[in-house]
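Trainee: My file is entry-v5.pdb. It has PDB, C-alpha atoms:
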MODEL        1
ATOM      1  CA  MET A   1       0.000   0.000   0.000
ATOM      2  CA  LEU A   2       2.843   2.385   0.912
ATOM      3  CA  ALA A   3       4.559   1.686  -2.400
ATOM      4  CA  ARG A   4       1.345   2.447  -4.291
ATOM      5  CA  LEU A   5       0.849   5.720  -2.405
ATOM      6  CA  LEU A   6       4.422   6.783  -3.123
ATOM      7  CA  ALA A   7       3.990   5.940  -6.798
ATOM      8  CA  LEU A   8       0.727   7.901  -6.939
ATOM      9  CA  ALA A   9       2.356  10.915  -5.257
ATOM     10  CA  ALA A  10       5.246  10.820  -7.731
ATOM     11  CA  ALA A  11       2.840  10.646 -10.656
ATOM     12  CA  LEU A  12       0.854  13.623  -9.349
ATOM     13  CA  LEU A  13       4.017  15.686  -8.900
ATOM     14  CA  ALA A  14       5.180  14.848 -12.406
ATOM     15  CA  ALA A  15       1.803  15.773 -13.864
ATOM     16  CA  ALA A  16       1.502  19.079 -11.993
ATOM     17  CA  PRO A  17       3.662  21.177 -14.364
ATOM     18  CA  LEU A  18       1.889  19.734 -17.387
ATOM     19  CA  ALA A  19      -1.506  20.474 -15.859
ATOM     20  CA  HIS A  20      -0.441  24.025 -15.098
ATOM     21  CA  ALA A  21       0.857  24.515 -18.629
ATOM     22  CA  GLN A  22      -2.403  23.202 -20.060
ATOM     23  CA  ALA A  23      -4.444  25.440 -17.739
ATOM     24  CA  TRP A  24      -2.410  28.536 -18.571
ATOM     25  CA  PRO A  25      -3.596  30.843 -19.947
ATOM     26  CA  ASN A  26      -7.275  30.930 -19.105
ATOM     27  CA  LYS A  27      -7.564  34.717 -19.201
ATOM     28  CA  THR A  28      -5.921  37.771 -20.764
ATOM     29  CA  VAL A  29      -2.135  38.022 -20.512
ATOM     30  CA  LYS A  30      -0.667  41.504 -20.014
ATOM     31  CA  ILE A  31       2.736  42.649 -21.269
ATOM     32  CA  VAL A  32       3.904  45.843 -19.612
ATOM     33  CA  VAL A  33       5.972  48.192 -21.758
ATOM     34  CA  PRO A  34       7.928  50.453 -19.387
ATOM     35  CA  PHE A  35       8.213  53.190 -22.027
ATOM     36  CA  PRO A  36       5.758  55.549 -23.754
ATOM     37  CA  ALA A  37       3.372  54.411 -26.472
ATOM     38  CA  GLY A  38       4.667  54.760 -30.003
ATOM     39  CA  GLY A  39       8.328  54.199 -29.149
ATOM     40  CA  PRO A  40      10.475  51.323 -30.480
ATOM     41  CA  THR A  41       9.817  49.026 -27.495
ATOM     42  CA  ASP A  42       6.083  49.665 -27.670
ATOM     43  CA  VAL A  43       5.825  49.028 -31.423
ATOM     44  CA  LEU A  44       7.884  45.832 -31.200
ATOM     45  CA  THR A  45       5.784  44.532 -28.295
ATOM     46  CA  ARG A  46       2.458  45.183 -30.014
ATOM     47  CA  VAL A  47       3.559  43.337 -33.147
ATOM     48  CA  LEU A  48       4.451  40.294 -31.047
ATOM     49  CA  ALA A  49       1.463  40.524 -28.689
ATOM     50  CA  ASP A  50      -1.002  40.060 -31.537
ATOM     51  CA  LYS A  51       0.803  36.984 -32.806
ATOM     52  CA  LEU A  52       1.343  35.524 -29.332
ATOM     53  CA  GLY A  53      -2.314  35.979 -28.443
ATOM     54  CA  ALA A  54      -3.404  34.117 -31.576
ATOM     55  CA  GLN A  55      -1.050  31.254 -30.754
ATOM     56  CA  LEU A  56      -2.120  31.022 -27.105
ATOM     57  CA  GLY A  57      -5.836  31.277 -27.854
ATOM     58  CA  HIS A  58      -6.283  34.124 -25.361
ATOM     59  CA  PRO A  59      -5.762  37.877 -25.742
ATOM     60  CA  VAL A  60      -2.343  39.337 -25.030
ATOM     61  CA  VAL A  61      -2.625  43.062 -24.320
ATOM     62  CA  VAL A  62       0.020  45.739 -24.004
ATOM     63  CA  GLU A  63      -0.026  48.262 -21.173
ATOM     64  CA  ASN A  64       2.338  51.232 -21.125
ATOM     65  CA  LYS A  65       3.783  52.217 -17.750
ATOM     66  CA  PRO A  66       6.534  54.726 -18.575
ATOM     67  CA  GLY A  67       8.693  56.629 -16.156
ATOM     68  CA  ALA A  68      12.140  56.733 -14.557
ATOM     69  CA  GLY A  69      13.863  55.309 -17.608
ATOM     70  CA  GLY A  70      11.713  52.190 -17.587
ATOM     71  CA  ALA A  71      12.078  51.568 -13.859
ATOM     72  CA  LEU A  72       8.442  52.204 -12.934
ATOM     73  CA  GLY A  73       7.022  49.620 -15.305
ATOM     74  CA  ALA A  74       9.661  47.045 -14.480
ATOM     75  CA  ASP A  75       9.144  47.531 -10.741
ATOM     76  CA  PHE A  76       5.378  47.113 -11.217
ATOM     77  CA  VAL A  77       5.935  43.697 -12.801
ATOM     78  CA  ALA A  78       8.474  42.676 -10.152
ATOM     79  CA  LYS A  79       5.763  43.245  -7.529
ATOM     80  CA  SER A  80       2.984  41.504  -9.522
ATOM     81  CA  PRO A  81       1.748  37.938  -8.861
ATOM     82  CA  ALA A  82       4.075  35.322 -10.340
ATOM     83  CA  ASP A  83       1.318  33.574 -12.282
ATOM     84  CA  GLY A  84       2.330  34.339 -15.860
ATOM     85  CA  TYR A  85      -0.393  36.920 -16.475
ATOM     86  CA  THR A  86       1.800  40.009 -16.031
ATOM     87  CA  LEU A  87       5.056  40.139 -17.980
ATOM     88  CA  VAL A  88       7.410  42.951 -18.966
ATOM     89  CA  MET A  89       9.174  43.726 -22.217
ATOM     90  CA  ALA A  90      12.497  44.677 -20.686
ATOM     91  CA  THR A  91      15.503  46.261 -22.374
ATOM     92  CA  THR A  92      19.196  46.809 -21.772
ATOM     93  CA  SER A  93      18.247  50.063 -20.025
ATOM     94  CA  THR A  94      15.906  48.465 -17.475
ATOM     95  CA  HIS A  95      18.043  45.467 -16.542
ATOM     96  CA  SER A  96      21.655  45.863 -17.657
ATOM     97  CA  ILE A  97      22.146  49.611 -17.136
ATOM     98  CA  GLY A  98      19.595  51.335 -14.885
ATOM     99  CA  PRO A  99      20.136  49.212 -11.765
ATOM    100  CA  TYR A 100      23.868  50.002 -11.881
ATOM    101  CA  LEU A 101      23.224  53.729 -11.912
ATOM    102  CA  GLY A 102      21.616  53.301  -8.502
ATOM    103  CA  LYS A 103      18.158  54.532  -9.452
ATOM    104  CA  GLN A 104      16.117  51.300  -9.557
ATOM    105  CA  ALA A 105      14.226  49.916  -6.559
ATOM    106  CA  TYR A 106      14.311  46.344  -7.880
ATOM    107  CA  ASP A 107      17.025  43.734  -8.203
ATOM    108  CA  PRO A 108      17.372  42.902 -11.936
ATOM    109  CA  VAL A 109      18.243  39.272 -11.166
ATOM    110  CA  LYS A 110      16.489  38.277  -7.934
ATOM    111  CA  ASP A 111      13.165  39.982  -8.706
ATOM    112  CA  PHE A 112      12.607  38.568 -12.205
ATOM    113  CA  THR A 113      12.417  35.363 -14.210
ATOM    114  CA  PRO A 114      13.964  35.539 -17.709
ATOM    115  CA  ILE A 115      11.650  34.032 -20.334
ATOM    116  CA  VAL A 116      12.860  34.773 -23.845
ATOM    117  CA  TRP A 117      15.338  36.996 -25.660
ATOM    118  CA  VAL A 118      13.220  38.746 -28.280
ATOM    119  CA  GLY A 119      15.731  40.688 -30.324
ATOM    120  CA  ASN A 120      18.350  43.379 -30.702
ATOM    121  CA  ALA A 121      18.557  46.903 -31.993
ATOM    122  CA  THR A 122      21.808  48.325 -33.241
ATOM    123  CA  ASN A 123      22.940  51.907 -33.700
ATOM    124  CA  ILE A 124      24.666  53.792 -36.472
ATOM    125  CA  LEU A 125      27.536  56.144 -35.719
ATOM    126  CA  VAL A 126      26.266  59.347 -37.293
ATOM    127  CA  VAL A 127      28.267  62.554 -37.765
ATOM    128  CA  SER A 128      27.297  65.987 -38.953
ATOM    129  CA  ASN A 129      28.060  66.966 -42.536
ATOM    130  CA  HIS A 130      29.962  69.886 -40.988
ATOM    131  CA  VAL A 131      32.532  67.485 -39.510
ATOM    132  CA  PRO A 132      35.331  66.891 -42.067
ATOM    133  CA  VAL A 133      35.555  63.106 -41.706
ATOM    134  CA  ASN A 134      34.274  60.160 -43.704
ATOM    135  CA  SER A 135      35.425  57.207 -41.623
ATOM    136  CA  VAL A 136      35.829  56.058 -38.041
ATOM    137  CA  LYS A 137      39.622  56.356 -38.289
ATOM    138  CA  GLU A 138      39.361  59.960 -39.468
ATOM    139  CA  LEU A 139      36.910  60.769 -36.663
ATOM    140  CA  ILE A 140      39.275  59.363 -34.038
ATOM    141  CA  GLU A 141      42.218  61.267 -35.529
ATOM    142  CA  LEU A 142      40.243  64.518 -35.485
ATOM    143  CA  ALA A 143      39.158  63.986 -31.887
ATOM    144  CA  ARG A 144      42.744  63.317 -30.812
ATOM    145  CA  LYS A 145      43.989  66.541 -32.400
ATOM    146  CA  ASP A 146      41.690  68.713 -30.305
ATOM    147  CA  PRO A 147      40.518  66.919 -27.114
ATOM    148  CA  GLY A 148      37.067  67.963 -25.897
ATOM    149  CA  LYS A 149      36.196  70.047 -28.950
ATOM    150  CA  LEU A 150      33.899  67.514 -30.605
ATOM    151  CA  ASN A 151      30.573  67.122 -28.821
ATOM    152  CA  TYR A 152      28.123  64.248 -28.952
ATOM    153  CA  ALA A 153      24.372  64.035 -28.494
ATOM    154  CA  THR A 154      22.516  61.416 -26.441
ATOM    155  CA  SER A 155      18.981  60.754 -25.244
ATOM    156  CA  GLY A 156      20.046  61.498 -21.665
ATOM    157  CA  ILE A 157      22.534  60.662 -18.949
ATOM    158  CA  GLY A 158      22.929  56.927 -18.401
ATOM    159  CA  THR A 159      21.069  55.926 -21.574
ATOM    160  CA  ILE A 160      22.413  53.367 -24.012
ATOM    161  CA  SER A 161      23.363  56.145 -26.462
ATOM    162  CA  HIS A 162      25.339  57.867 -23.705
ATOM    163  CA  LEU A 163      27.186  54.756 -22.560
ATOM    164  CA  THR A 164      27.845  53.615 -26.134
ATOM    165  CA  THR A 165      29.582  56.898 -26.894
ATOM    166  CA  GLU A 166      31.520  56.771 -23.632
ATOM    167  CA  LEU A 167      32.667  53.262 -24.552
ATOM    168  CA  PHE A 168      33.708  54.524 -27.990
ATOM    169  CA  ALA A 169      35.670  57.434 -26.484
ATOM    170  CA  SER A 170      37.363  55.196 -23.926
ATOM    171  CA  MET A 171      38.425  52.570 -26.441
ATOM    172  CA  ALA A 172      39.584  55.234 -28.923
ATOM    173  CA  GLY A 173      41.479  57.161 -26.248
ATOM    174  CA  VAL A 174      39.734  60.446 -27.020
ATOM    175  CA  LYS A 175      37.880  63.082 -25.034
ATOM    176  CA  LEU A 176      34.421  64.141 -26.246
ATOM    177  CA  ASN A 177      31.936  66.649 -24.850
ATOM    178  CA  HIS A 178      28.524  65.287 -23.792
ATOM    179  CA  VAL A 179      25.329  67.136 -24.762
ATOM    180  CA  PRO A 180      22.270  65.280 -23.367
ATOM    181  CA  TYR A 181      18.809  65.717 -24.895
ATOM    182  CA  LYS A 182      15.397  64.445 -23.798
ATOM    183  CA  GLY A 183      15.493  62.082 -26.777
ATOM    184  CA  THR A 184      17.782  61.529 -29.739
ATOM    185  CA  GLN A 185      15.167  62.925 -32.124
ATOM    186  CA  GLN A 186      15.455  66.307 -30.429
ATOM    187  CA  SER A 187      19.162  66.350 -31.325
ATOM    188  CA  ILE A 188      18.760  65.721 -35.063
ATOM    189  CA  PRO A 189      18.300  69.397 -36.075
ATOM    190  CA  ASP A 190      21.477  70.265 -34.146
ATOM    191  CA  ILE A 191      23.380  67.443 -35.840
ATOM    192  CA  MET A 192      22.253  68.730 -39.225
ATOM    193  CA  SER A 193      23.217  72.323 -38.413
ATOM    194  CA  GLY A 194      26.604  71.329 -37.043
ATOM    195  CA  GLN A 195      25.983  72.395 -33.442
ATOM    196  CA  VAL A 196      26.516  68.776 -32.427
ATOM    197  CA  ALA A 197      29.065  66.549 -34.135
ATOM    198  CA  ILE A 198      28.352  62.932 -33.184
ATOM    199  CA  LEU A 199      25.381  60.698 -32.390
ATOM    200  CA  PHE A 200      24.848  56.954 -32.046
ATOM    201  CA  ASP A 201      21.322  56.726 -33.455
ATOM    202  CA  ASN A 202      19.073  53.713 -34.107
ATOM    203  CA  VAL A 203      18.809  52.354 -37.625
ATOM    204  CA  MET A 204      15.134  53.171 -38.161
ATOM    205  CA  THR A 205      15.465  56.912 -37.484
ATOM    206  CA  SER A 206      18.964  57.481 -38.846
ATOM    207  CA  GLN A 207      18.635  55.761 -42.217
ATOM    208  CA  PRO A 208      16.234  58.273 -43.818
ATOM    209  CA  ASN A 209      18.513  61.172 -42.866
ATOM    210  CA  ILE A 210      21.593  59.366 -44.151
ATOM    211  CA  LYS A 211      19.935  58.488 -47.457
ATOM    212  CA  ALA A 212      18.751  62.088 -47.843
ATOM    213  CA  GLY A 213      22.326  63.309 -47.349
ATOM    214  CA  LYS A 214      21.416  65.308 -44.235
ATOM    215  CA  VAL A 215      23.975  63.477 -42.048
ATOM    216  CA  LYS A 216      26.784  60.976 -42.594
ATOM    217  CA  GLY A 217      26.627  57.372 -41.405
ATOM    218  CA  LEU A 218      30.122  56.065 -40.701
ATOM    219  CA  ALA A 219      29.592  52.610 -39.213
ATOM    220  CA  ILE A 220      27.256  50.332 -37.292
ATOM    221  CA  SER A 221      27.728  49.445 -33.623
ATOM    222  CA  SER A 222      26.907  45.723 -33.867
ATOM    223  CA  PRO A 223      29.701  43.107 -33.696
ATOM    224  CA  SER A 224      29.065  42.063 -37.305
ATOM    225  CA  ARG A 225      27.553  43.703 -40.346
ATOM    226  CA  SER A 226      23.789  43.882 -40.386
ATOM    227  CA  ALA A 227      21.375  42.896 -43.132
ATOM    228  CA  LEU A 228      19.460  46.032 -42.200
ATOM    229  CA  VAL A 229      22.308  48.214 -43.502
ATOM    230  CA  PRO A 230      24.551  45.847 -45.506
ATOM    231  CA  ASP A 231      26.708  48.607 -46.981
ATOM    232  CA  LEU A 232      27.817  49.974 -43.625
ATOM    233  CA  PRO A 233      30.930  48.493 -41.989
ATOM    234  CA  THR A 234      31.092  47.870 -38.260
ATOM    235  CA  VAL A 235      32.870  50.278 -35.941
ATOM    236  CA  ALA A 236      35.161  47.392 -35.003
ATOM    237  CA  GLU A 237      36.355  46.783 -38.560
ATOM    238  CA  SER A 238      36.590  50.509 -39.288
ATOM    239  CA  GLY A 239      39.316  51.383 -36.842
ATOM    240  CA  LEU A 240      38.237  50.340 -33.338
ATOM    241  CA  PRO A 241      38.732  46.561 -32.961
ATOM    242  CA  GLY A 242      36.560  44.901 -30.316
ATOM    243  CA  PHE A 243      33.959  47.650 -30.149
ATOM    244  CA  GLN A 244      30.309  46.628 -30.086
ATOM    245  CA  SER A 245      27.041  47.902 -28.665
ATOM    246  CA  LEU A 246      23.589  46.375 -28.979
ATOM    247  CA  THR A 247      20.307  47.054 -27.232
ATOM    248  CA  TRP A 248      18.510  43.843 -26.312
ATOM    249  CA  PHE A 249      14.760  43.374 -25.798
ATOM    250  CA  GLY A 250      13.206  40.464 -23.968
ATOM    251  CA  LEU A 251      10.307  39.132 -21.923
ATOM    252  CA  LEU A 252      10.578  38.599 -18.190
ATOM    253  CA  GLY A 253       8.129  37.669 -15.481
ATOM    254  CA  PRO A 254       8.216  38.223 -11.726
ATOM    255  CA  ALA A 255      10.515  36.011  -9.667
ATOM    256  CA  SER A 256       9.194  32.461  -9.212
ATOM    257  CA  THR A 257       7.092  32.483 -12.391
ATOM    258  CA  PRO A 258       6.221  28.761 -12.905
ATOM    259  CA  LYS A 259       8.625  26.904 -15.175
ATOM    260  CA  ALA A 260       5.723  25.486 -17.152
ATOM    261  CA  VAL A 261       4.594  29.012 -18.017
ATOM    262  CA  VAL A 262       8.145  30.094 -18.874
ATOM    263  CA  ASP A 263       8.557  27.097 -21.173
ATOM    264  CA  ARG A 264       5.213  27.731 -22.889
ATOM    265  CA  VAL A 265       5.813  31.423 -23.510
ATOM    266  CA  ASN A 266       9.362  30.725 -24.640
ATOM    267  CA  ALA A 267       8.214  28.097 -27.133
ATOM    268  CA  GLU A 268       5.401  30.222 -28.537
ATOM    269  CA  MET A 269       7.582  33.312 -28.811
ATOM    270  CA  ASN A 270      10.298  31.370 -30.618
ATOM    271  CA  LYS A 271       7.656  30.205 -33.104
ATOM    272  CA  ALA A 272       6.531  33.792 -33.645
ATOM    273  CA  LEU A 273      10.069  35.108 -34.073
ATOM    274  CA  ALA A 274      10.753  32.521 -36.762
ATOM    275  CA  LEU A 275       7.825  33.668 -38.925
ATOM    276  CA  PRO A 276       8.869  35.483 -42.131
ATOM    277  CA  GLU A 277       6.285  38.224 -41.601
ATOM    278  CA  ILE A 278       7.585  38.949 -38.101
ATOM    279  CA  GLN A 279      11.185  39.057 -39.291
ATOM    280  CA  ALA A 280      10.203  41.353 -42.156
ATOM    281  CA  ARG A 281       8.361  43.671 -39.741
ATOM    282  CA  PHE A 282      11.365  43.686 -37.422
ATOM    283  CA  ALA A 283      13.625  44.651 -40.321
ATOM    284  CA  GLN A 284      11.352  47.589 -41.148
ATOM    285  CA  MET A 285      11.700  48.801 -37.553
ATOM    286  CA  GLY A 286      15.462  48.300 -37.389
ATOM    287  CA  PHE A 287      15.408  45.186 -35.169
ATOM    288  CA  GLU A 288      16.884  41.730 -35.549
ATOM    289  CA  ALA A 289      15.038  38.761 -34.027
ATOM    290  CA  ALA A 290      16.859  36.649 -31.445
ATOM    291  CA  GLY A 291      15.066  33.795 -29.641
ATOM    292  CA  GLY A 292      16.595  30.836 -27.845
ATOM    293  CA  SER A 293      16.150  29.456 -24.353
ATOM    294  CA  ALA A 294      15.423  31.280 -21.118
ATOM    295  CA  ALA A 295      18.949  30.393 -20.007
ATOM    296  CA  ASP A 296      20.353  32.039 -23.140
ATOM    297  CA  PHE A 297      18.479  35.213 -22.273
ATOM    298  CA  ALA A 298      19.710  35.190 -18.668
ATOM    299  CA  GLN A 299      23.282  35.066 -19.968
ATOM    300  CA  VAL A 300      22.651  38.053 -22.243
ATOM    301  CA  ILE A 301      21.319  40.122 -19.333
ATOM    302  CA  GLN A 302      24.276  39.253 -17.131
ATOM    303  CA  ARG A 303      26.849  39.742 -19.907
ATOM    304  CA  ASP A 304      25.614  43.251 -20.652
ATOM    305  CA  ALA A 305      25.272  44.103 -16.969
ATOM    306  CA  GLN A 306      28.971  43.350 -16.491
ATOM    307  CA  LYS A 307      29.876  45.356 -19.575
ATOM    308  CA  TRP A 308      27.819  48.491 -18.930
ATOM    309  CA  SER A 309      28.376  48.614 -15.168
ATOM    310  CA  LYS A 310      32.113  48.836 -15.917
ATOM    311  CA  VAL A 311      31.533  51.653 -18.417
ATOM    312  CA  ILE A 312      29.403  53.478 -15.822
ATOM    313  CA  LYS A 313      32.117  53.114 -13.192
ATOM    314  CA  ASP A 314      35.048  53.998 -15.466
ATOM    315  CA  ALA A 315      33.290  57.061 -16.926
ATOM    316  CA  GLY A 316      31.973  58.207 -13.543
ATOM    317  CA  VAL A 317      28.392  58.348 -14.851
ATOM    318  CA  LYS A 318      25.885  59.489 -12.240
ATOM    319  CA  ALA A 319      22.104  59.105 -12.381
ATOM    320  CA  GLU A 320      20.112  62.211 -13.265
TER     321      GLU A 320
ENDMDL
END
Will you turn the file into structure tokens for me?
Mentor:
Amino acid sequence: MLARLLALAAALLAAAPLAHAQAWPNKTVKIVVPFPAGGPTDVLTRVLADKLGAQLGHPVVVENKPGAGGALGADFVAKSPADGYTLVMATTSTHSIGPYLGKQAYDPVKDFTPIVWVGNATNILVVSNHVPVNSVKELIELARKDPGKLNYATSGIGTISHLTTELFASMAGVKLNHVPYKGTQQSIPDIMSGQVAILFDNVMTSQPNIKAGKVKGLAISSPSRSALVPDLPTVAESGLPGFQSLTWFGLLGPASTPKAVVDRVNAEMNKALALPEIQARFAQMGFEAAGGSAADFAQVIQRDAQKWSKVIKDAGVKAE
């Protein structure tokens, strides 16, 4: 009798995750975007939410909770029930940068469960037409001749555009002058007029200006050339070996989100990311799809946290 009871208990334990996976979802799933509506993270999330909802058989809605560089929305999810019904579309800023500037109330590792690495966005090194350079090597040479004269625009202190430029300056051994804006789009007129010399801008917004001849695109910040801009070399191959900067996007849930839910969302999202129409839409927005396991995503978060926390420390970056 004891043996039968033990066998029954083991069978029930083994079946529990499967039963949970089959039961989930039985209501609407919410993905929190910790940035304003209409921005890159919001657009990417809405494209995927529609597809994910169709695959799950239940609606997947997007809710914007902007503020504090993404910290408010992320913190909201960290404090939500760990039942798989409230997730967050996190970014490099919310989990690999912000917490190391000392302005986030949450722990980026302990308070979340990585689910799936959604994709990357890369930036183009853009310079004003008023700057007499046409390559990364020439830009570095010019900056070395007159330290601190060349200024660079960013979307704010501690943002990925800020830290990317600080990394560039550090690796190149040059001194540049920081001019923060509320967003990179606000800096474009100043880049065009020559008031600002340098900007690491995302592919989607920079390409039209480059094609129109309003600014010059020197190189892309990704570790390898991108199909999004095949004619542009990487910064690394253009005179700064080893340089790379990518912004990752990915889904996380609160800590202790059931493994069965993580596995289900991961599998469905990987299916969505493999669809030609999703990849084509990503390309239009300047993103590249990623995918992979939850463990893969956890490694990405930690890898970038180590990288950007060092840049923050070495450059003496302080939160606004």
Trainee: Could you list, as a ChimeraX atom specification, every residue matched by the PyMOL selection byres ((chain A and resi 202) around 9) in this structure?
Mentor: /A:121-125,200-201,203-207,286
Trainee: Using only C-alpha atoms, which of A:Val215, A:Ala274, A:Leu48, A:Ala255 sits nearest Ile191 of chain A?
Mentor: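 Of the candidates, the smallest distance to Ile191 of chain A is held by A:Val215.
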Trainee: Running the PyMOL selection byres ((chain A and resi 59-70) around 10) on this model by hand, what would come out? Give it as a count of residues only.
Mentor: 52
Trainee: Residues around (9.3, 32.7, -24.5), cut-off 10 Å, counting all atoms listed in the file - what are they as a PDB file with C-alpha atoms, keeping the file's coordinate frame?
Mentor:
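And here's point02.pdb as it stands now:
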ATOM      1  CA  LEU A  52       1.343  35.524 -29.332  1.00  0.00           C
ATOM      2  CA  PRO A 114      13.964  35.539 -17.709  1.00  0.00           C
ATOM      3  CA  ILE A 115      11.650  34.032 -20.334  1.00  0.00           C
ATOM      4  CA  VAL A 116      12.860  34.773 -23.845  1.00  0.00           C
ATOM      5  CA  TRP A 117      15.338  36.996 -25.660  1.00  0.00           C
ATOM      6  CA  VAL A 118      13.220  38.746 -28.280  1.00  0.00           C
ATOM      7  CA  GLY A 250      13.206  40.464 -23.968  1.00  0.00           C
ATOM      8  CA  LEU A 251      10.307  39.132 -21.923  1.00  0.00           C
ATOM      9  CA  LEU A 252      10.578  38.599 -18.190  1.00  0.00           C
ATOM     10  CA  VAL A 261       4.594  29.012 -18.017  1.00  0.00           C
ATOM     11  CA  VAL A 262       8.145  30.094 -18.874  1.00  0.00           C
ATOM     12  CA  ASP A 263       8.557  27.097 -21.173  1.00  0.00           C
ATOM     13  CA  ARG A 264       5.213  27.731 -22.889  1.00  0.00           C
ATOM     14  CA  VAL A 265       5.813  31.423 -23.510  1.00  0.00           C
ATOM     15  CA  ASN A 266       9.362  30.725 -24.640  1.00  0.00           C
ATOM     16  CA  ALA A 267       8.214  28.097 -27.133  1.00  0.00           C
ATOM     17  CA  GLU A 268       5.401  30.222 -28.537  1.00  0.00           C
ATOM     18  CA  MET A 269       7.582  33.312 -28.811  1.00  0.00           C
ATOM     19  CA  ASN A 270      10.298  31.370 -30.618  1.00  0.00           C
ATOM     20  CA  LYS A 271       7.656  30.205 -33.104  1.00  0.00           C
ATOM     21  CA  ALA A 272       6.531  33.792 -33.645  1.00  0.00           C
ATOM     22  CA  LEU A 273      10.069  35.108 -34.073  1.00  0.00           C
ATOM     23  CA  GLY A 291      15.066  33.795 -29.641  1.00  0.00           C
ATOM     24  CA  GLY A 292      16.595  30.836 -27.845  1.00  0.00           C
ATOM     25  CA  SER A 293      16.150  29.456 -24.353  1.00  0.00           C
ATOM     26  CA  ALA A 294      15.423  31.280 -21.118  1.00  0.00           C
ATOM     27  CA  PHE A 297      18.479  35.213 -22.273  1.00  0.00           C
TER      28      PHE A 297
END
Trainee: Could you tell me how far atom CA of Asp304 of chain A sits from atom CA of Ser161 of chain A, in Å to one decimal place?
Mentor: 14.3 Å
Trainee: Name the residues within 10 Å of (24.6, 41.5, -15.8), counting all atoms listed in the file in the file's coordinates, and put them as a VMD selection string.
Mentor: chain A and resid 92 95 to 97 99 to 100 108 to 109 298 to 309
Trainee: Identify which of the residues A:Asn209, A:Ser135, A:Thr184, A:Ser128 lies closest to Glu237 of chain A, counting only C-alpha atoms when measuring atom-to-atom distances.
Mentor: A:Ser135
Trainee: On this file, the PyMOL selection byres ((chain A and resi 178) around 10) gives some set of residues; write that set as a PyMOL selection string.
Mentor: chain A and resi 148+150-154+156-157+162+165-166+175-177+179-181+196+198
Trainee: Selection from above, C-alpha atoms, as a PDB file, in the coordinates of the input, can you write it?
Mentor:
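Listed below is the output, out.pdb:
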ATOM      1  CA  GLY A 148      37.067  67.963 -25.897  1.00  0.00           C
ATOM      2  CA  LEU A 150      33.899  67.514 -30.605  1.00  0.00           C
ATOM      3  CA  ASN A 151      30.573  67.122 -28.821  1.00  0.00           C
ATOM      4  CA  TYR A 152      28.123  64.248 -28.952  1.00  0.00           C
ATOM      5  CA  ALA A 153      24.372  64.035 -28.494  1.00  0.00           C
ATOM      6  CA  THR A 154      22.516  61.416 -26.441  1.00  0.00           C
ATOM      7  CA  GLY A 156      20.046  61.498 -21.665  1.00  0.00           C
ATOM      8  CA  ILE A 157      22.534  60.662 -18.949  1.00  0.00           C
ATOM      9  CA  HIS A 162      25.339  57.867 -23.705  1.00  0.00           C
ATOM     10  CA  THR A 165      29.582  56.898 -26.894  1.00  0.00           C
ATOM     11  CA  GLU A 166      31.520  56.771 -23.632  1.00  0.00           C
ATOM     12  CA  LYS A 175      37.880  63.082 -25.034  1.00  0.00           C
ATOM     13  CA  LEU A 176      34.421  64.141 -26.246  1.00  0.00           C
ATOM     14  CA  ASN A 177      31.936  66.649 -24.850  1.00  0.00           C
ATOM     15  CA  VAL A 179      25.329  67.136 -24.762  1.00  0.00           C
ATOM     16  CA  PRO A 180      22.270  65.280 -23.367  1.00  0.00           C
ATOM     17  CA  TYR A 181      18.809  65.717 -24.895  1.00  0.00           C
ATOM     18  CA  VAL A 196      26.516  68.776 -32.427  1.00  0.00           C
ATOM     19  CA  ILE A 198      28.352  62.932 -33.184  1.00  0.00           C
TER      20      ILE A 198
END
Trainee: Using all atoms listed in the file, pick whichever of A:Ser193, A:Ser256, A:Ser170, A:Ser187 has the shortest atom-to-atom distance to Thr113 of chain A.
Mentor: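 Ranking A:Ser193, A:Ser256, A:Ser170, A:Ser187 by distance to Thr113 of chain A, first place goes to A:Ser256.
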Trainee: Just checking: using all atoms listed in the file, which residue out of A:Gln186, A:Gly39, A:Ala197, A:Asp111 ends up closest to Lys149 of chain A?
Mentor: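 Under the stated criterion, the closest residue is A:Ala197.
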Trainee: So for segment 58-62 of chain A, what box centre and size do we get, axis-aligned, 5 Å extra on each of the six sides, every listed atom, Å to one decimal, as JSON?
Mentor:
{"center_x": -3.1, "center_y": 39.9, "center_z": -24.9, "size_x": 16.3, "size_y": 21.6, "size_z": 11.7}
